[in-house]
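Shown below: coords01.cif, with mmCIF, N, CA and C atoms.
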data_upload
#
loop_
_atom_site.label_atom_id
_atom_site.label_comp_id
_atom_site.auth_asym_id
_atom_site.auth_seq_id
_atom_site.Cartn_x
_atom_site.Cartn_y
_atom_site.Cartn_z
N GLN C 1172 190.77 42.07 186.64
CA GLN C 1172 191.37 40.83 187.10
C GLN C 1172 191.97 41.01 188.49
N VAL C 1173 191.94 39.94 189.26
CA VAL C 1173 192.51 39.94 190.60
C VAL C 1173 193.61 38.89 190.64
N GLN C 1174 194.73 39.27 191.18
CA GLN C 1174 195.82 38.33 191.38
C GLN C 1174 196.00 38.09 192.86
N LEU C 1175 196.21 36.84 193.22
CA LEU C 1175 196.49 36.46 194.60
C LEU C 1175 197.89 35.89 194.67
N VAL C 1176 198.68 36.43 195.55
CA VAL C 1176 200.07 35.97 195.69
C VAL C 1176 200.28 35.49 197.11
N GLU C 1177 200.65 34.21 197.22
CA GLU C 1177 200.89 33.63 198.53
C GLU C 1177 202.37 33.67 198.88
N SER C 1178 202.65 33.64 200.17
CA SER C 1178 204.02 33.54 200.65
C SER C 1178 204.01 32.85 202.00
N GLY C 1179 205.18 32.34 202.39
CA GLY C 1179 205.32 31.81 203.74
C GLY C 1179 205.39 30.30 203.85
N GLY C 1180 205.28 29.58 202.77
CA GLY C 1180 205.39 28.13 202.86
C GLY C 1180 206.82 27.71 203.13
N GLY C 1181 207.01 26.41 203.34
CA GLY C 1181 208.35 25.91 203.56
C GLY C 1181 208.34 24.56 204.22
N LEU C 1182 209.52 24.19 204.70
CA LEU C 1182 209.72 22.90 205.38
C LEU C 1182 209.87 23.15 206.87
N VAL C 1183 209.14 22.37 207.66
CA VAL C 1183 209.20 22.55 209.11
C VAL C 1183 209.05 21.18 209.76
N GLN C 1184 209.63 21.03 210.92
CA GLN C 1184 209.48 19.78 211.67
C GLN C 1184 208.12 19.73 212.35
N ALA C 1185 207.65 18.54 212.61
CA ALA C 1185 206.40 18.37 213.34
C ALA C 1185 206.46 19.12 214.67
N GLY C 1186 205.38 19.80 214.98
CA GLY C 1186 205.32 20.61 216.18
C GLY C 1186 205.70 22.06 215.96
N GLY C 1187 206.24 22.35 214.79
CA GLY C 1187 206.65 23.71 214.47
C GLY C 1187 205.51 24.57 213.97
N SER C 1188 205.86 25.78 213.56
CA SER C 1188 204.87 26.75 213.11
C SER C 1188 205.28 27.38 211.78
N LEU C 1189 204.29 27.78 211.04
CA LEU C 1189 204.47 28.56 209.81
C LEU C 1189 203.34 29.57 209.72
N ARG C 1190 203.62 30.65 209.04
CA ARG C 1190 202.58 31.65 208.79
C ARG C 1190 202.50 31.88 207.29
N LEU C 1191 201.33 31.66 206.73
CA LEU C 1191 201.09 31.92 205.32
C LEU C 1191 200.40 33.26 205.15
N SER C 1192 200.79 33.96 204.11
CA SER C 1192 200.15 35.24 203.81
C SER C 1192 199.73 35.27 202.35
N CYS C 1193 198.69 36.03 202.07
CA CYS C 1193 198.19 36.15 200.71
C CYS C 1193 197.74 37.58 200.50
N ALA C 1194 198.20 38.17 199.41
CA ALA C 1194 197.83 39.53 199.08
C ALA C 1194 197.10 39.56 197.75
N ALA C 1195 195.98 40.25 197.73
CA ALA C 1195 195.20 40.41 196.51
C ALA C 1195 195.52 41.75 195.87
N SER C 1196 195.70 41.74 194.57
CA SER C 1196 195.97 42.98 193.85
C SER C 1196 195.22 42.97 192.53
N GLY C 1197 195.17 44.14 191.90
CA GLY C 1197 194.47 44.24 190.63
C GLY C 1197 193.20 45.04 190.79
N THR C 1198 192.28 44.80 189.90
CA THR C 1198 190.98 45.48 189.95
C THR C 1198 190.11 44.74 190.94
N ILE C 1199 190.04 45.28 192.14
CA ILE C 1199 189.38 44.58 193.23
C ILE C 1199 188.08 45.26 193.58
N PHE C 1200 187.02 44.51 193.47
CA PHE C 1200 185.76 44.97 193.99
C PHE C 1200 185.62 44.43 195.40
N SER C 1201 184.47 44.43 195.92
CA SER C 1201 184.30 43.99 197.29
C SER C 1201 184.62 42.50 197.41
N ILE C 1202 185.60 42.16 198.22
CA ILE C 1202 185.93 40.77 198.46
C ILE C 1202 185.08 40.26 199.62
N LYS C 1203 184.39 39.19 199.38
CA LYS C 1203 183.55 38.62 200.42
C LYS C 1203 184.39 37.66 201.26
N THR C 1204 184.30 36.40 200.99
CA THR C 1204 185.07 35.42 201.76
C THR C 1204 186.48 35.28 201.22
N MET C 1205 187.42 35.14 202.14
CA MET C 1205 188.78 34.74 201.79
C MET C 1205 189.06 33.45 202.55
N ALA C 1206 189.87 32.60 201.96
CA ALA C 1206 190.06 31.29 202.57
C ALA C 1206 191.38 30.68 202.16
N TRP C 1207 191.73 29.63 202.85
CA TRP C 1207 192.87 28.80 202.53
C TRP C 1207 192.39 27.37 202.28
N TYR C 1208 192.82 26.83 201.18
CA TYR C 1208 192.58 25.43 200.85
C TYR C 1208 193.94 24.73 200.80
N ARG C 1209 193.90 23.43 200.88
CA ARG C 1209 195.14 22.68 200.71
C ARG C 1209 194.86 21.40 199.91
N GLN C 1210 195.91 20.95 199.26
CA GLN C 1210 195.81 19.71 198.50
C GLN C 1210 197.03 18.86 198.80
N ALA C 1211 196.77 17.73 199.45
CA ALA C 1211 197.84 16.79 199.75
C ALA C 1211 198.04 15.86 198.55
N PRO C 1212 199.20 15.27 198.44
CA PRO C 1212 199.47 14.36 197.31
C PRO C 1212 198.42 13.26 197.22
N GLY C 1213 197.84 13.11 196.05
CA GLY C 1213 196.86 12.05 195.82
C GLY C 1213 195.49 12.30 196.40
N LYS C 1214 195.27 13.50 196.94
CA LYS C 1214 193.98 13.81 197.55
C LYS C 1214 193.35 15.02 196.89
N GLN C 1215 192.05 15.20 197.13
CA GLN C 1215 191.35 16.35 196.60
C GLN C 1215 191.66 17.59 197.41
N ARG C 1216 191.50 18.72 196.77
CA ARG C 1216 191.69 19.99 197.47
C ARG C 1216 190.59 20.12 198.53
N GLU C 1217 190.99 20.56 199.72
CA GLU C 1217 190.02 20.71 200.80
C GLU C 1217 190.11 22.10 201.42
N LEU C 1218 188.99 22.57 201.94
CA LEU C 1218 188.95 23.84 202.64
C LEU C 1218 189.57 23.68 204.01
N VAL C 1219 190.52 24.51 204.34
CA VAL C 1219 191.18 24.47 205.64
C VAL C 1219 190.57 25.49 206.58
N ALA C 1220 190.47 26.72 206.13
CA ALA C 1220 189.93 27.80 206.97
C ALA C 1220 189.41 28.90 206.08
N GLY C 1221 188.37 29.58 206.55
CA GLY C 1221 187.80 30.68 205.80
C GLY C 1221 187.42 31.82 206.73
N ILE C 1222 187.31 33.02 206.16
CA ILE C 1222 186.93 34.18 206.95
C ILE C 1222 186.12 35.12 206.07
N THR C 1223 184.99 35.57 206.59
CA THR C 1223 184.13 36.49 205.85
C THR C 1223 184.63 37.92 206.00
N SER C 1224 184.05 38.82 205.24
CA SER C 1224 184.43 40.22 205.34
C SER C 1224 184.08 40.79 206.71
N GLY C 1225 183.12 40.18 207.37
CA GLY C 1225 182.74 40.61 208.71
C GLY C 1225 183.55 39.98 209.82
N GLY C 1226 184.42 39.03 209.47
CA GLY C 1226 185.30 38.43 210.46
C GLY C 1226 184.88 37.08 210.99
N SER C 1227 183.78 36.55 210.49
CA SER C 1227 183.38 35.21 210.92
C SER C 1227 184.34 34.18 210.32
N THR C 1228 184.71 33.21 211.14
CA THR C 1228 185.71 32.25 210.69
C THR C 1228 185.16 30.82 210.66
N TYR C 1229 185.81 30.02 209.87
CA TYR C 1229 185.48 28.59 209.76
C TYR C 1229 186.79 27.82 209.71
N TYR C 1230 186.82 26.67 210.39
CA TYR C 1230 187.99 25.80 210.35
C TYR C 1230 187.54 24.36 210.14
N THR C 1231 188.27 23.64 209.34
CA THR C 1231 188.00 22.22 209.26
C THR C 1231 188.42 21.56 210.57
N ASP C 1232 187.78 20.49 210.94
CA ASP C 1232 187.98 19.92 212.27
C ASP C 1232 189.44 19.59 212.58
N SER C 1233 190.18 19.14 211.59
CA SER C 1233 191.54 18.67 211.85
C SER C 1233 192.51 19.79 212.23
N VAL C 1234 192.12 21.04 212.01
CA VAL C 1234 193.04 22.14 212.32
C VAL C 1234 192.54 23.03 213.46
N LYS C 1235 191.35 22.76 213.95
CA LYS C 1235 190.81 23.59 215.03
C LYS C 1235 191.72 23.57 216.24
N GLY C 1236 191.97 24.75 216.79
CA GLY C 1236 192.85 24.87 217.94
C GLY C 1236 194.32 24.99 217.58
N ARG C 1237 194.65 24.75 216.32
CA ARG C 1237 196.06 24.84 215.90
C ARG C 1237 196.27 25.95 214.88
N PHE C 1238 195.31 26.18 214.01
CA PHE C 1238 195.43 27.20 212.96
C PHE C 1238 194.54 28.40 213.29
N SER C 1239 194.97 29.55 212.82
CA SER C 1239 194.18 30.77 213.02
C SER C 1239 194.23 31.60 211.75
N ILE C 1240 193.06 31.95 211.23
CA ILE C 1240 192.98 32.76 210.02
C ILE C 1240 192.62 34.19 210.38
N SER C 1241 193.21 35.14 209.67
CA SER C 1241 192.91 36.54 209.90
C SER C 1241 192.99 37.28 208.56
N ARG C 1242 192.39 38.46 208.51
CA ARG C 1242 192.44 39.24 207.28
C ARG C 1242 192.48 40.73 207.60
N ASP C 1243 192.99 41.46 206.64
CA ASP C 1243 193.01 42.92 206.71
C ASP C 1243 192.23 43.40 205.50
N ASN C 1244 191.01 43.84 205.73
CA ASN C 1244 190.15 44.25 204.61
C ASN C 1244 190.70 45.46 203.87
N ALA C 1245 191.34 46.36 204.58
CA ALA C 1245 191.87 47.56 203.95
C ALA C 1245 193.02 47.23 203.00
N LYS C 1246 193.77 46.20 203.34
CA LYS C 1246 194.93 45.81 202.53
C LYS C 1246 194.64 44.63 201.62
N ASN C 1247 193.44 44.06 201.74
CA ASN C 1247 193.07 42.87 200.95
C ASN C 1247 194.08 41.74 201.14
N THR C 1248 194.38 41.47 202.38
CA THR C 1248 195.29 40.37 202.69
C THR C 1248 194.62 39.38 203.64
N VAL C 1249 195.07 38.15 203.57
CA VAL C 1249 194.60 37.12 204.48
C VAL C 1249 195.81 36.31 204.91
N SER C 1250 195.82 35.91 206.17
CA SER C 1250 196.94 35.16 206.70
C SER C 1250 196.43 33.90 207.39
N LEU C 1251 197.31 32.92 207.49
CA LEU C 1251 196.99 31.68 208.19
C LEU C 1251 198.17 31.34 209.09
N GLN C 1252 197.95 31.45 210.38
CA GLN C 1252 198.96 31.07 211.36
C GLN C 1252 198.77 29.60 211.67
N MET C 1253 199.79 28.82 211.44
CA MET C 1253 199.70 27.38 211.64
C MET C 1253 200.68 26.96 212.73
N ASN C 1254 200.14 26.46 213.83
CA ASN C 1254 200.95 26.00 214.96
C ASN C 1254 200.78 24.50 215.15
N SER C 1255 201.68 23.93 215.90
CA SER C 1255 201.63 22.50 216.21
C SER C 1255 201.42 21.67 214.94
N LEU C 1256 202.21 21.97 213.95
CA LEU C 1256 202.04 21.33 212.64
C LEU C 1256 202.31 19.83 212.72
N LYS C 1257 201.56 19.10 211.92
CA LYS C 1257 201.67 17.65 211.85
C LYS C 1257 202.04 17.23 210.43
N PRO C 1258 202.63 16.07 210.27
CA PRO C 1258 202.96 15.61 208.90
C PRO C 1258 201.75 15.58 207.98
N GLU C 1259 200.57 15.31 208.52
CA GLU C 1259 199.37 15.27 207.69
C GLU C 1259 198.92 16.66 207.23
N ASP C 1260 199.55 17.71 207.71
CA ASP C 1260 199.28 19.05 207.22
C ASP C 1260 200.04 19.35 205.93
N THR C 1261 200.90 18.45 205.53
CA THR C 1261 201.69 18.63 204.32
C THR C 1261 200.80 18.75 203.10
N GLY C 1262 201.16 19.68 202.22
CA GLY C 1262 200.41 19.85 200.99
C GLY C 1262 200.69 21.20 200.37
N VAL C 1263 200.03 21.46 199.26
CA VAL C 1263 200.09 22.77 198.63
C VAL C 1263 198.91 23.57 199.15
N TYR C 1264 199.19 24.74 199.68
CA TYR C 1264 198.16 25.59 200.25
C TYR C 1264 197.83 26.70 199.26
N TYR C 1265 196.54 26.86 199.01
CA TYR C 1265 196.06 27.83 198.03
C TYR C 1265 195.22 28.90 198.73
N CYS C 1266 195.46 30.12 198.36
CA CYS C 1266 194.64 31.24 198.80
C CYS C 1266 193.44 31.37 197.87
N TYR C 1267 192.30 31.72 198.42
CA TYR C 1267 191.06 31.86 197.66
C TYR C 1267 190.38 33.16 198.07
N ALA C 1268 189.80 33.83 197.08
CA ALA C 1268 189.03 35.05 197.35
C ALA C 1268 187.77 35.03 196.53
N GLU C 1269 186.67 35.34 197.18
CA GLU C 1269 185.37 35.43 196.52
C GLU C 1269 185.03 36.89 196.32
N SER C 1270 184.89 37.27 195.06
CA SER C 1270 184.48 38.63 194.73
C SER C 1270 183.38 38.50 193.67
N ARG C 1271 183.44 39.25 192.61
CA ARG C 1271 182.47 39.03 191.54
C ARG C 1271 182.71 37.67 190.90
N ASN C 1272 183.94 37.22 190.97
CA ASN C 1272 184.33 35.89 190.53
C ASN C 1272 185.11 35.22 191.65
N ASP C 1273 185.45 33.96 191.43
CA ASP C 1273 186.32 33.25 192.37
C ASP C 1273 187.75 33.37 191.89
N TYR C 1274 188.66 33.65 192.80
CA TYR C 1274 190.06 33.80 192.46
C TYR C 1274 190.92 32.87 193.31
N TRP C 1275 191.97 32.38 192.69
CA TRP C 1275 192.88 31.45 193.35
C TRP C 1275 194.32 31.90 193.18
N GLY C 1276 195.11 31.68 194.21
CA GLY C 1276 196.53 31.87 194.09
C GLY C 1276 197.17 30.64 193.44
N GLN C 1277 198.46 30.72 193.20
CA GLN C 1277 199.16 29.63 192.54
C GLN C 1277 199.57 28.53 193.52
N GLY C 1278 199.50 28.80 194.79
CA GLY C 1278 199.82 27.79 195.78
C GLY C 1278 201.21 27.92 196.35
N THR C 1279 201.34 27.51 197.60
CA THR C 1279 202.64 27.49 198.26
C THR C 1279 202.78 26.15 198.99
N GLN C 1280 203.94 25.55 198.87
CA GLN C 1280 204.16 24.23 199.43
C GLN C 1280 204.46 24.31 200.92
N VAL C 1281 203.77 23.47 201.67
CA VAL C 1281 204.05 23.30 203.10
C VAL C 1281 204.40 21.84 203.31
N THR C 1282 205.57 21.60 203.86
CA THR C 1282 206.01 20.24 204.13
C THR C 1282 206.36 20.12 205.61
N VAL C 1283 205.73 19.17 206.27
CA VAL C 1283 205.97 18.95 207.70
C VAL C 1283 206.63 17.59 207.85
N SER C 1284 207.85 17.57 208.34
CA SER C 1284 208.57 16.33 208.51
C SER C 1284 208.34 15.75 209.90
N SER C 1285 208.36 14.44 209.97
CA SER C 1285 208.11 13.77 211.26
C SER C 1285 209.40 13.55 212.03
#

Show the structure stored in the file as structure tokens.
Amino acid sequence: QVQLVESGGGLVQAGGSLRLSCAASGTIFSIKTMAWYRQAPGKQRELVAGITSGGSTYYTDSVKGRFSISRDNAKNTVSLQMNSLKPEDTGVYYCYAESRNDYWGQGTQVTVSS
């Protein structure tokens, strides 16, 4: 089993920054993609950013230029630096890891006030 533990959420004013971190532990085989998803109230969970084991990244259009995803393969961690935050970035952010199975963290709340 793999456990994902997120940290770094919180309340921030619009224009501020937050950094989310996620650490994978347990019986870990090769982790392929790691990613961050978010779910806003009343909306479906959406992919925010992803990064492959080789370092290729993906960002949803609404966060390009503001968010940056990175990972440490040796430590099985993934981080999301979020700058210039907007109220529409509010939601629960979930860490995801693709290995032999798909794994999810429990989520961390990000609230951006206007």

query = So which one's closest to Asn1247 in chain C, C:Ser1224, C:Gln1280, C:Gly1180, C:Asp1273? Using only C-alpha atoms, please.
reply =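 Between C:Ser1224, C:Gln1280, C:Gly1180, C:Asp1273, the residue approaching Asn1247 in chain C most closely is C:Ser1224.
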
ask   = At most 8 Å from (203.8, 12.7, 210.5), file frame, only N, CA and C atoms: which residues, as a ChimeraX atom specification?
value = /C:1185,1256-1260,1283-1285

request  = Output the residue selection produced by the PyMOL selection byres ((chain C and resi 1276) around 7) on the file above, formatted as a list in words.
outcome  =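 Taken over the shown coordinates, the PyMOL selection byres ((chain C and resi 1276) around 7) returns Gln1174, Leu1175, Val1176, Glu1177, Tyr1265, Cys1266, Tyr1267, Ala1268, Tyr1274, Trp1275, Gln1277, Gly1278 and Thr1279 of chain C.
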
request  = Among the residues of chain C, find those DSSP assigns to strand (DSSP E) from the backbone and print them as number ranges by chain.
outcome  = C: 1173-1178, 1181-1184, 1189-1197, 1205-1210, 1217-1222, 1228-1230, 1238-1243, 1248-1253, 1262-1269, 1273-1275, 1279-1284

request  = Would you kindly return, as a ChimeraX atom specification, each protein, DNA or RNA residue with an atom no farther than 5 Å from any atom of Ser1188 in chain C, considering all atoms listed in the file and excluding same-chain residues fewer than 2 positions away?
outcome  = /C:1186,1190,1253-1254

Residue members of the PyMOL selection byres (((chain C and resi 1219 and name CA) around 12) and name CA) in the file shown, as a PyMOL selection string = chain C and resi 1205-1211+1216-1218+1220-1222+1228-1235+1237-1240+1251-1253+1260+1262-1267

May I have the selected residues written with N, CA and C atoms, as an mmCIF file, in the frame of the given file?
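Everything below was put into again-v5.cif:
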data_model
loop_
_atom_site.group_PDB
_atom_site.id
_atom_site.type_symbol
_atom_site.label_atom_id
_atom_site.label_comp_id
_atom_site.auth_asym_id
_atom_site.auth_seq_id
_atom_site.Cartn_x
_atom_site.Cartn_y
_atom_site.Cartn_z
ATOM 1 N N MET C 1205 187.420 35.140 202.140
ATOM 2 C CA MET C 1205 188.780 34.740 201.790
ATOM 3 C C MET C 1205 189.060 33.450 202.550
ATOM 4 N N ALA C 1206 189.870 32.600 201.960
ATOM 5 C CA ALA C 1206 190.060 31.290 202.570
ATOM 6 C C ALA C 1206 191.380 30.680 202.160
ATOM 7 N N TRP C 1207 191.730 29.630 202.850
ATOM 8 C CA TRP C 1207 192.870 28.800 202.530
ATOM 9 C C TRP C 1207 192.390 27.370 202.280
ATOM 10 N N TYR C 1208 192.820 26.830 201.180
ATOM 11 C CA TYR C 1208 192.580 25.430 200.850
ATOM 12 C C TYR C 1208 193.940 24.730 200.800
ATOM 13 N N ARG C 1209 193.900 23.430 200.880
ATOM 14 C CA ARG C 1209 195.140 22.680 200.710
ATOM 15 C C ARG C 1209 194.860 21.400 199.910
ATOM 16 N N GLN C 1210 195.910 20.950 199.260
ATOM 17 C CA GLN C 1210 195.810 19.710 198.500
ATOM 18 C C GLN C 1210 197.030 18.860 198.800
ATOM 19 N N ALA C 1211 196.770 17.730 199.450
ATOM 20 C CA ALA C 1211 197.840 16.790 199.750
ATOM 21 C C ALA C 1211 198.040 15.860 198.550
ATOM 22 N N ARG C 1216 191.500 18.720 196.770
ATOM 23 C CA ARG C 1216 191.690 19.990 197.470
ATOM 24 C C ARG C 1216 190.590 20.120 198.530
ATOM 25 N N GLU C 1217 190.990 20.560 199.720
ATOM 26 C CA GLU C 1217 190.020 20.710 200.800
ATOM 27 C C GLU C 1217 190.110 22.100 201.420
ATOM 28 N N LEU C 1218 188.990 22.570 201.940
ATOM 29 C CA LEU C 1218 188.950 23.840 202.640
ATOM 30 C C LEU C 1218 189.570 23.680 204.010
ATOM 31 N N ALA C 1220 190.470 26.720 206.130
ATOM 32 C CA ALA C 1220 189.930 27.800 206.970
ATOM 33 C C ALA C 1220 189.410 28.900 206.080
ATOM 34 N N GLY C 1221 188.370 29.580 206.550
ATOM 35 C CA GLY C 1221 187.800 30.680 205.800
ATOM 36 C C GLY C 1221 187.420 31.820 206.730
ATOM 37 N N ILE C 1222 187.310 33.020 206.160
ATOM 38 C CA ILE C 1222 186.930 34.180 206.950
ATOM 39 C C ILE C 1222 186.120 35.120 206.070
ATOM 40 N N THR C 1228 184.710 33.210 211.140
ATOM 41 C CA THR C 1228 185.710 32.250 210.690
ATOM 42 C C THR C 1228 185.160 30.820 210.660
ATOM 43 N N TYR C 1229 185.810 30.020 209.870
ATOM 44 C CA TYR C 1229 185.480 28.590 209.760
ATOM 45 C C TYR C 1229 186.790 27.820 209.710
ATOM 46 N N TYR C 1230 186.820 26.670 210.390
ATOM 47 C CA TYR C 1230 187.990 25.800 210.350
ATOM 48 C C TYR C 1230 187.540 24.360 210.140
ATOM 49 N N THR C 1231 188.270 23.640 209.340
ATOM 50 C CA THR C 1231 188.000 22.220 209.260
ATOM 51 C C THR C 1231 188.420 21.560 210.570
ATOM 52 N N ASP C 1232 187.780 20.490 210.940
ATOM 53 C CA ASP C 1232 187.980 19.920 212.270
ATOM 54 C C ASP C 1232 189.440 19.590 212.580
ATOM 55 N N SER C 1233 190.180 19.140 211.590
ATOM 56 C CA SER C 1233 191.540 18.670 211.850
ATOM 57 C C SER C 1233 192.510 19.790 212.230
ATOM 58 N N VAL C 1234 192.120 21.040 212.010
ATOM 59 C CA VAL C 1234 193.040 22.140 212.320
ATOM 60 C C VAL C 1234 192.540 23.030 213.460
ATOM 61 N N LYS C 1235 191.350 22.760 213.950
ATOM 62 C CA LYS C 1235 190.810 23.590 215.030
ATOM 63 C C LYS C 1235 191.720 23.570 216.240
ATOM 64 N N ARG C 1237 194.650 24.750 216.320
ATOM 65 C CA ARG C 1237 196.060 24.840 215.900
ATOM 66 C C ARG C 1237 196.270 25.950 214.880
ATOM 67 N N PHE C 1238 195.310 26.180 214.010
ATOM 68 C CA PHE C 1238 195.430 27.200 212.960
ATOM 69 C C PHE C 1238 194.540 28.400 213.290
ATOM 70 N N SER C 1239 194.970 29.550 212.820
ATOM 71 C CA SER C 1239 194.180 30.770 213.020
ATOM 72 C C SER C 1239 194.230 31.600 211.750
ATOM 73 N N ILE C 1240 193.060 31.950 211.230
ATOM 74 C CA ILE C 1240 192.980 32.760 210.020
ATOM 75 C C ILE C 1240 192.620 34.190 210.380
ATOM 76 N N LEU C 1251 197.310 32.920 207.490
ATOM 77 C CA LEU C 1251 196.990 31.680 208.190
ATOM 78 C C LEU C 1251 198.170 31.340 209.090
ATOM 79 N N GLN C 1252 197.950 31.450 210.380
ATOM 80 C CA GLN C 1252 198.960 31.070 211.360
ATOM 81 C C GLN C 1252 198.770 29.600 211.670
ATOM 82 N N MET C 1253 199.790 28.820 211.440
ATOM 83 C CA MET C 1253 199.700 27.380 211.640
ATOM 84 C C MET C 1253 200.680 26.960 212.730
ATOM 85 N N ASP C 1260 199.550 17.710 207.710
ATOM 86 C CA ASP C 1260 199.280 19.050 207.220
ATOM 87 C C ASP C 1260 200.040 19.350 205.930
ATOM 88 N N GLY C 1262 201.160 19.680 202.220
ATOM 89 C CA GLY C 1262 200.410 19.850 200.990
ATOM 90 C C GLY C 1262 200.690 21.200 200.370
ATOM 91 N N VAL C 1263 200.030 21.460 199.260
ATOM 92 C CA VAL C 1263 200.090 22.770 198.630
ATOM 93 C C VAL C 1263 198.910 23.570 199.150
ATOM 94 N N TYR C 1264 199.190 24.740 199.680
ATOM 95 C CA TYR C 1264 198.160 25.590 200.250
ATOM 96 C C TYR C 1264 197.830 26.700 199.260
ATOM 97 N N TYR C 1265 196.540 26.860 199.010
ATOM 98 C CA TYR C 1265 196.060 27.830 198.030
ATOM 99 C C TYR C 1265 195.220 28.900 198.730
ATOM 100 N N CYS C 1266 195.460 30.120 198.360
ATOM 101 C CA CYS C 1266 194.640 31.240 198.800
ATOM 102 C C CYS C 1266 193.440 31.370 197.870
ATOM 103 N N TYR C 1267 192.300 31.720 198.420
ATOM 104 C CA TYR C 1267 191.060 31.860 197.660
ATOM 105 C C TYR C 1267 190.380 33.160 198.070
#

task = State, in Å with one decimal place, the distance from atom C of Val1281 in chain C to atom C of Gly1181 in chain C.
result =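 Spanning atom C of Val1281 in chain C to atom C of Gly1181 in chain C is a straight-line distance of 4.9 Å.
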
query = Quick one: distance from atom N of Thr1204 in chain C to CA of Ser1270 in chain C in Å, one decimal?
reply =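 These atoms are spaced 6.6 Å apart.
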
Box along x, y and z, 4 Å on every side, all listed atoms of range 1241-1252 of chain C inside: centre and edge lengths in Å to one decimal, as AutoDock Vina command-line options.
--center_x 194.6 --center_y 38.6 --center_z 206.3 --size_x 16.8 --size_y 26.0 --size_z 18.7

Selected residue of minimal separation from Thr1248 in chain C among C:Ser1227, C:Gln1215, C:Thr1198, C:Ser1192, counting all atoms listed in the file =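 The closest residue to Thr1248 in chain C is C:Ser1192.
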
ask   = Distance CA of Val1173 in chain C-CA of Asp1243 in chain C, one decimal place?
value = 16.4 Å

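The nearest approach to Gly1226 in chain C among the residues C:Glu1269, C:Arg1242, C:Leu1189, C:Ser1255, with only C-alpha atoms taken into account, belongs to C:Arg1242.
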
task = Give the answer as one residue: which of C:Thr1261, C:Leu1191, C:Gly1225, C:Ser1196 has the shortest atom-to-atom distance to Ser1178 in chain C, using only C-alpha atoms?
result =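 With only C-alpha atoms as the atom set, the closest residue is C:Leu1191.
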
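Restricting the calculation to all atoms listed in the file, the smallest distance between Cys1193 in chain C and any of C:Gly1213, C:Asn1272, C:Thr1282, C:Val1249 is found for C:Val1249.
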